[in-house]
Structures are given as structure tokens and as C-alpha cells.
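Novice: Take this structure, written in C-alpha cells, and hold onto it; I'll ask about it next.
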Amino acid sequence: MAEITEVPSPFCGIGTDDLIIQVDGVALKVIKNGCTVNTPAFEQAITDTRPRVDGVEVSLELAVARAAELLKNTNQPVIGGCATDVNGMRALLALADRSGAVVDNMNFTGARNNFLALQDSGWMNTTLAEVKNRCDLLLVVGVDLESFSPRFFERYLWNEESMFLDDTAKRQIIYLGKAPSGKASTSPDGSKAQVFACSNDDLPEVVAVLRALVKGRPIRAESVGGIAVLDLQNIAEQLKAATYSVVTWAAGALAYSQAELTVQTLSEMVKDINLNTRSSGLPLGGKEGDQTANQVCGWTTGYPARTRFSNGYPEYDPFLYDANVLLSNGEADALVWVQAFNAKAVPPVTVLPTIVVGRSGMVFVTEPDVFIPVGTPGIDHAGHAYRMDNVVAIRLKKLRDSGLPSTAEVLHAIEHALGK
Amino acid sequence: MLIRLKNGKVYDPASGIDGEQQDIYIQDGRIVNKPVGDFKVDKEYDLSGKVVMSGAIDMHTHIGGGKGNIARILLPEDHRADPVARTDITRSGCGHAMPSTFVTGYRYAEMGYTAGFEPAVLPVNARQAHMEMADIPILDKGGYVLMGSDDYLLRMLTAKKDQKAINDYVAFTMQAAKAIGVKVVNPGGINAFKFNQRKLDLDEQNSHYGVTPRDILRVLATAVKEIGVTHPLHVHGCNLGVPGNVNTTLDTIQGIGGLPMHLTHIQFHSYGTEGDFKFSSGAAAIAEAVNSNKNITIDVGQILFGQTVTASGDNMRQHANHKYASPNKWVTMDIECDAGCGVVPFKYKDQNFVNALQWAIGLETFLLVNDPWRIFLTTDHPNGAPFTSYPHLIRLLMDRSFRNDMLATIHPEAQKMTTLASIEREYSLQEIAIMTRAGAARLIGLQDRGGLSAGNWADITVYTDNADRQLMFEKPDYVFKDGQLVVVDGKVVSTKWGTTHVVKPDFDASLEKDLKKYFDRFMTMKLGNFTISDDEITEDGRGSITVHPLKGEVA
């Protein structure tokens, strides 16, 4: 039995790297600094150890050969999921390049809200250490932050010391849209977050009014989405008075049509605040390799991870190359599903030939043609994963010897077999 | 295998050879002396009439790291205009302003370049810089780690820590980030922007720390010298792009007190305030200062007309420049109590007075600095122009009539504000070889690169002599990387992986005690998870690390 300290997590997106994990053979137990997201993700037992073809256990070589055979004469296979580490994404993109596939990260439809805003007007953003040391006002828009990242407040707001704040407990927390589900946002001195709840449907209007107020535009209405304009005026004044405010949102939680406009309004509001004081945006994300997928696809192709290679070169379209759309429109002829982090994230059901390169323990509605269980980055092999702020790539550790291959090894083998 | 390159006209400034006809022998990836006695040549290339130089080295090019990837993601429309298809031996990708990593490697190699150095590696983002560079084929690479706006250093300065402690911290950071040099960007200014300061002159104090850019430059330049790093402190100075900043730059040169210092993309720091538009060339004054201060080296950061994107650690200045964004979208980031970045697309126009004069200022600088060993050919890719414009830039330097033809087409008021037309100098092939090869290798401290004498790695470029220097440098006949033929007639014919160049200066291990405390209190990761280990670069089987000696060390 061994105890491994300073274990970084690829699961929570906020780069916690202080976990202490006890390793007993292949069994893991989080004995310190776990949370409701990380602990089950680390502790999940290995069930599948051997690949299957048509539901029958086979050797890795046979499974790889069968996968290559299924991909060999396809015109436009789709590689979905894209939830793995940097080396896994490198191999995935090499396979996509060779097979003329579409690459689509499973969280892209949510992340698209950010990419469309970024690619249209840009933003001013920050990273977690700046939040930890500078943020005197946190505006949380449209997301229940503590269920998204259970340790966010503990690690980055209620830290005992910061370099530039006399008393971290005096930070102001304001929720707009969703209300918090628990008490994580309550300051150590007992002050509660201000909460101005509204429905998702009303959020675009509420955010638009807030931005107008920040810019000093007159608003005739007295309330918007059930929130008094005076309250929004008050938030605007606090944002303008803060030394370093931070505005956070989760693109995936803005689950309504054209939510990119909400992201853009928030980002432009942050730019406006910066005319006189400092303020930054902080998009939440980074779970299950979504930032990793976009970063690696970014440097390999120029585009984020909804990109196709079927013309021989990368092409990006944030709407047309949605894996689910391609599958349901009959525009794809095979599915490769790559998900090394989450056994519950199984592929969409399709009649097309399906190859799953997934975390051990996946339960399928329909058994795929090929299932190759792979190790989880940060548990079964070392690797790299980006956390939510997109700047820090954390170095994932190998915690145990499970004998499971890495995503990269399996995808390289399939690519190699395709080249034969 | 023994390869002979026969009868080429060799330009090898590292050995003082200036256009002499010579044979070059290659064995096991390196250049060797002509074997004695009987020997068998396995492969021979007849290079009669061809020009032979070592592989070119770009000593300042943004090819790896987060801001470059933001620039990529920001500009899908730019990539769409330049798609790059897969071939049997090359990967697909995109080109133009900020090419994908694979295309970066291919296009550099196709111009005869065999190494590139990323000048702004943020310690906390160094993993990304190395991971991106690991996906650049053919080229060797390395990075200069960015310091000077990190809170740990500024706290040290406020606490009046001695130079020895700062040397230890610089050495630690170089090792942790796997760097071969140290860069400072708008010294302390990136930090000051986080405290809402919008400009920071050389002697202006950071409002929180009370430290000035001059203080930061002095301690970092001293540290680099004292720990024995060959590459002098690499400085992106204060007030980038601000009219009148020529005085800041001259003051920076005087203020460093003779310490070795490299001033990068100096074109952006050479502006006066004369004339109707209150914008003028400071190139003559800068060149005079460089000529008379032998401790100073520079690269130009030439701008060339067209669409590009600027990606810089200097978020203070990039924020101020966002109003020139074209297309109108831009990103700035504050980063991890470490640094920051700003990404602003730019379209430099020859009919825009300021852009036109920027173009002329860069060329004046090239032509007025006498010593080619102390000036380097850069566009600060992609900030002044994409690296693919180097052959055009070489022609501007080597061909006065071409240069004057181009000059005649730019904004007329800018023509009046430059002395360019009267400058007769034309660079020679040997001077180009110094700037882009021997000088760059010497400046960075690369052992066994940048020269063609026996013992050097066989990074070799062969051109067909052509009076049109742009055509000549666009399309080498052959490029060898570590002895492997990678390019024929300007096209990649095979690929390989280059090495990562680093130095590993020692530091007092007791430093890590204080750093660990600092990380635990204020940072978001453990110190043990911050330092990059060698295996992160080598474990995939294609990366390698080449450690270069410090000054005074024997390799």
C-alpha cells in the first residue's frame, strides 16, 4: 500500500493538485482533499480489462485490427467524445487527419458559446491565481458554481492569505441568474452572497441591462426578469468601484439558443469596466479534457475541436460539424468515441459501425463493434491536461500499474494499422 | 553513411569563410573533415555554382505558447484563406499569420531554417510552449523564460534580497521552465497593469511594489551575466509603440551600465515625435547607440504590409493598442501572478502614414547598424509580419533599387520622413549568413550549430544564386537537418524531430524552501507540480534535450 501526495486532478477543471491518494494494488482511495467530483472519479474500480469485438473479449491487437478495418473505407467518420489527455488528443488528431474524420469534443456545443464570442469580439480574462490574490468582487452569472466545482470557493476565494487583499473574507460575492445550491459562497466571517435569481430565459435581458447600466445608459424599466433595475444598478456601481472584479460563467450552463450573445455582452461589459478600473472574465470549464481538446486541436489545425479533415485539410464549423447532427443526418459513416475520463459518458446510439476507446466500466445500450478499455490519464498513466483557465497544463501522475493502454497508444495503433 | 556536398560556394562566417568553393562531408548527422586515405562516398550532391550556408536560426519567433494559440483560435477566417492539405509525409494544418505547429515546421524548413526560439515562455505556461514546440517538425527549438512581472521577483526586490538570491531564483526558473535564455517584457509593466497602471516609464514605480523597470532590468541582466548564461537578458522595453519611446530606449541602453543586453523588436521602440503627425524615425539615434555600445545586441522586428496578428506578453501596451485591432477583436489576459498576454490582429497598410514609417524605421535600423554580429533578422513573427516574409525582407536589405522602388509606393508623407532613399548599403550574402546563422548561434550560445566546420551538426541549406534574392531565399535546392535531407527544391521531402536547447544553471537548493511556502500560500499549484521534468519532453520518444554549457564551463 502506498500513499501518493500532491495528486493533480483532471476531473474538476480547477486544477486541484493537493489530493492524497492511497493506492492498494489497483484500488484507489482519496484520503485527503477529495470532493464530490474528484473522489468518485478517482475511486471508480476497474472492471473491463480486455478489449471486445462484437461483445467477445479479444486481444488488443485483434481489436485494433478490427477498428482499422471498420475505418478503412469510410468517407467521413466522426470522432466524438475527445475526452483524453494531450498525448491522447495528439494521437486522435493524427488518426483524424489520416482517416478524413470529423473531430468533435463532446462539450463543444456548450463551449461554442465562448468560441463564437471570442472569435467575434474577444475578451479580457484572468486565471485562478489572480482570482486568489486580487479578486475583491466575484460576479457569478448563470451557474451554480459550487456544484460545478465544489472546492472553488475554498481554494480561490476563502484562502487564508492573499498577496493583495487585507482580508479575503471581505470579498463580495454576487450571484446573477442561478442561486447557489449550498453555502460554499458564504464568507468565513458569515457574510452571505448577494443573490439575484432569474430564469435562464430572462438572463440575456438581465445581462444586457447590467451592461447598459455599467456604460451609464438610461434604463426606463423598473425591473427586468423579476430583478429590480435598482439592484442591477447597484451591481454596476460595485463593479465600477471594485479594484479587481471577476465575472465568471460556465458556457455549458447557458443552455439556451444564442447564448454566445450573453457571453459577448458579459465580455464587452468587462472591457467597459476596464476603461477606469480593472476587471476580468473567467470562463469555467476544463472538465474531462474539454480545454485540452480545444488547445491541442488549436495548435494542430488552427481551430478548436469541432473540425473536419474529410477534404484533406482542417475545416472548422461550429454548427455543421456537430457529431450528433452528422450522425442524425446520415452524414457520417462510422463513429469513434474517445472518453478516457468518464465511464458514464457513453457514445450516442447509432446504427453506424462504432468503435469505443473508453474508460473501463462503460455500460452500453448497444454493444459497440469494438470496445477498447483504456487507462485514465492521471491514474493509469502520466500525461497533461488543461485546467479551466486554459493557461496551466497540469502534469498528471501515474498512480497505479493497471496494465491498461493509454488513449494515445490505442489510437496510434489504429492509425498505424490503417496505414498498412 | 558518408555524404559529400561537392563544389558549393560556402558562406560560413563562423569559420571566416566568405564564398569559397569547398566540399563538405557529412557522417552520422554531423559535419566531418574529409576522411584521410581511401574512402567511399555513399551519396554525393554536385553543388557547383550553388550557395551553401548552415541552416538558418530564428532567434526570436513566437512559435510556442498560450498567446500564439489564442491568436490561432481567434482567427479562423485567416486560416480559411490558407489551408494546408495532408500529404503522404506531412500533416495537414493551416498557414498565413499564425500557422499550425506542423505547418510552422514545414514552412520554416522550406525556407532553409532549421531552428527557432520562442522568446516569451511564461514559467506557468512553459509546459504548453514546449508541448506546442514538440509538435513542430524538423526544427530545433528552445525558449527564453519570461520574468520581471512575476510577483515573486517583485517581492524579492521590495524585500531588498541580495543579487545572489535573485541569481538563484533566475537559475531555478530557467531550469523549471526548460529555458536557454531569460526575457523581460515591459519590465514590471505587466504586473503594474494588474494594479490598474496604464503606462510605466523606465523610472516610474510600480504602485504596489515601489520598484521601477530600471531596477528590474539591472537585477535581471546582472543575474543572467553572473550565472553564466550566454544569451544576454532579452529585453522588450518599456513603452512599446509609443511615439517618443526612442528616448526610453536610449535611456535603457545607457542605464544598463555596460551589462550585456539584447533589445528585441527594436523597431517598435524607435519612435520620435517630430513632424506634422508627431511621429518620426528614431532609427539613426538608436543605430548610433548600438554602434557605440558593444554590450548591446538587437533584433529589428521589421513590419511588412498586410494582415497579421500581434501576440505579446505586454498586455499593458496591447490593451492600449486594441483600438487599432483589425479585424476589431482582441484578447488580453492577466496570468497567474506570473505575467500576462495580449493578442491584437493588425493590418499594416502602406498607405497608412504610421505603418509606412514603421516599415522605413525597421529598414533604416538594419542599414545603419554596422556590425552584423549584433543585429538579427526578425519580424517578431507574427507581430511585424509572418515569418514567411523573410525572403522578401532579405531582398529589401540586399537590393537597393528594389528597396527604393518599394519606398516610392508608400504613404508620401512617410517617404519624406525617412532617410531610407539616401542609404546606399546593400547587405552581402556573408552578412545575411551572419545575421541568420553564425551570429544567432553565438548569441544564443548554441554549441555545434550555426557553422559548417567539422564537428557541427549538419544543418545545411543550399541555394541557387539568383539576383532576385527573394526568389533565392524562398526556395532552397536542399536543406539538411542533422544530416538528413528534409527539403528539395523548396518542398519537404522527409521529416524528423529536432531537439530542445536548454541551459541548466545551478541554484542553491535552499531557495526551494521559501518558494514552496510561497506556492502553498499564494499560488494555485504545488511547487512540485510546477517544475517541468526532462521526461515531459522526452517521454514520447521523439523529443530530446540538448544542454548547452554556461560561460566558463567546458562542454
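To be explicit about the labels: the chains of the C-alpha cells are called A, B, and onward in the order shown, and within each one the residues are counted from 1, while ligands get numbers from 1 in the order they are shown.
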Just want the 8 Å neighbourhood of Thr16 (chain A), counted on only C-alpha atoms, with same-chain residues fewer than 4 positions away dropped. Output as a PyMOL selection string.

Specialist: (chain A and resi 8-9+12) or (chain B and resi 524-525)

Novice: Select all residues from chain A having any atom no more than 7 Å from an atom of chain B (counting only C-alpha atoms, ignoring ligands), output as number ranges by chain.

Specialist: A: 6, 17, 97, 118-130, 133, 161-163, 277-278, 298-304, 312-314, 391-393, 395

Novice: If we count only C-alpha atoms and set the cut-off at 7 Å, which residues sit around region 447-452 of chain B, ignoring sequence neighbours fewer than 5 positions away in its own chain? Please answer as a list in words.

Specialist: Asp12, Ala14, Ile31, Ser54, Gly55, Arg437, Ala438, Ala441, Trp457 and His548 of chain B

Novice: Please identify which residues in region 245-483 of chain B DSSP calls strand (DSSP E or B) from the backbone, and express them as a count of residues only.

Specialist: 46

Novice: Could you go through region 260-380 of chain A and tell me which residues DSSP, when run on the backbone, assigns to helix (DSSP H, G or I), listing them as a VMD selection string?

Specialist: chain A and resid 260 to 273 287 to 301 323 to 328

Novice: Please indicate the distance in Å from CA of Gly216 (chain A) to CA of Ile173 (chain A), rounded to one decimal place.

Specialist: 22.5 Å

Novice: Could you work out how far CA of Gln358 (chain B) lies from CA of Gln302 (chain B), giving the answer in Å with one decimal?

Specialist: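 Taking CA of Gln302 (chain B) and CA of Gln358 (chain B), their separation equals 8.0 Å.
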
Novice: Within 7 Å of Thr297 (chain B), counting only C-alpha atoms, which residues qualify if same-chain residues fewer than 4 places away don't, as a list in words?

Specialist: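 Using only C-alpha atoms, the neighbours found are Met261, His262, Leu263, Arg374 and Ile375 of chain B.
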
Novice: Write a file of the just-selected residues containing N, CA and C atoms, as an mmCIF file, in the first residue's frame.

Specialist:
data_model
loop_
_atom_site.group_PDB
_atom_site.id
_atom_site.type_symbol
_atom_site.label_atom_id
_atom_site.label_comp_id
_atom_site.auth_asym_id
_atom_site.auth_seq_id
_atom_site.Cartn_x
_atom_site.Cartn_y
_atom_site.Cartn_z
ATOM 1 N N MET B 261 23.071 43.093 -22.996
ATOM 2 C CA MET B 261 21.612 43.216 -23.095
ATOM 3 C C MET B 261 21.209 43.109 -24.550
ATOM 4 N N HIS B 262 20.166 42.327 -24.800
ATOM 5 C CA HIS B 262 19.620 42.218 -26.154
ATOM 6 C C HIS B 262 18.288 42.957 -26.182
ATOM 7 N N LEU B 263 18.175 43.960 -27.043
ATOM 8 C CA LEU B 263 16.918 44.698 -27.193
ATOM 9 C C LEU B 263 16.166 44.126 -28.391
ATOM 10 N N ARG B 374 25.779 41.843 -34.343
ATOM 11 C CA ARG B 374 24.998 42.347 -33.218
ATOM 12 C C ARG B 374 23.578 42.788 -33.604
ATOM 13 N N ILE B 375 23.154 42.407 -34.805
ATOM 14 C CA ILE B 375 21.785 42.715 -35.237
ATOM 15 C C ILE B 375 21.208 41.470 -35.901
#

Novice: Any idea what's packed within 9 Å of region 324-329 of chain A, counting only C-alpha atoms, ignoring anything in its chain fewer than 3 positions away? Could you give it as an mmCIF file with C-alpha atoms, in the first residue's frame?

Specialist:
data_model
loop_
_atom_site.group_PDB
_atom_site.id
_atom_site.type_symbol
_atom_site.label_atom_id
_atom_site.label_comp_id
_atom_site.auth_asym_id
_atom_site.auth_seq_id
_atom_site.Cartn_x
_atom_site.Cartn_y
_atom_site.Cartn_z
ATOM 1 C CA VAL A 78 -16.828 11.041 -36.733
ATOM 2 C CA GLY A 80 -16.597 12.146 -30.798
ATOM 3 C CA PHE A 319 -22.540 24.248 -36.175
ATOM 4 C CA LEU A 320 -22.203 21.912 -39.168
ATOM 5 C CA TYR A 321 -19.665 19.521 -37.659
ATOM 6 C CA ALA A 332 -21.238 10.166 -41.114
ATOM 7 C CA ASP A 333 -20.328 6.569 -41.855
ATOM 8 C CA ALA A 334 -18.621 5.454 -38.651
ATOM 9 C CA LEU A 335 -18.270 6.635 -35.067
ATOM 10 C CA PRO A 348 -24.709 8.386 -28.780
ATOM 11 C CA THR A 350 -26.240 4.876 -33.750
ATOM 12 C CA LEU A 352 -23.197 3.042 -37.749
#

Novice: Name the closest residue to Thr173 (chain B) among the candidates B:Val493, B:Leu429, B:Leu515, B:Leu396; distances are taken between atoms, counting only C-alpha atoms.

Specialist: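 Of B:Val493, B:Leu429, B:Leu515, B:Leu396, the one nearest Thr173 (chain B), counting only C-alpha atoms, is B:Leu515.
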
Novice: Contacts of Gly55 (chain A) at 9 Å or less, counting only C-alpha atoms, minus same-chain residues fewer than 2 places along, as number ranges by chain?

Specialist: A: 51-53, 57, 367-371

Novice: Can you pull out every residue within 8 Å of Tyr113 (chain B), counting only C-alpha atoms, but drop anything in the same chain fewer than 6 positions away, and send it as number ranges by chain?

Specialist: B: 55-58, 139, 461

Novice: Okay, now the selection with C-alpha atoms, as a tab-separated table (two decimals), in the first residue's frame?

Specialist:
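The result, written out as again_1.tsv:
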chain	number	residue	atom	x	y	z
B	55	GLY	CA	20.64	26.11	-41.56
B	56	ALA	CA	19.12	29.43	-40.57
B	57	ILE	CA	18.22	30.13	-36.95
B	58	ASP	CA	15.35	32.41	-36.00
B	139	LEU	CA	13.17	22.48	-36.39
B	461	THR	CA	20.94	24.94	-46.65

Novice: Have a look at A:Glu61, A:Cys297, A:Lys183, A:Gln44 and name the one nearest to Glu315 (chain A); count only C-alpha atoms.

Specialist: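 Among A:Glu61, A:Cys297, A:Lys183, A:Gln44, it is A:Cys297 that comes nearest to Glu315 (chain A).
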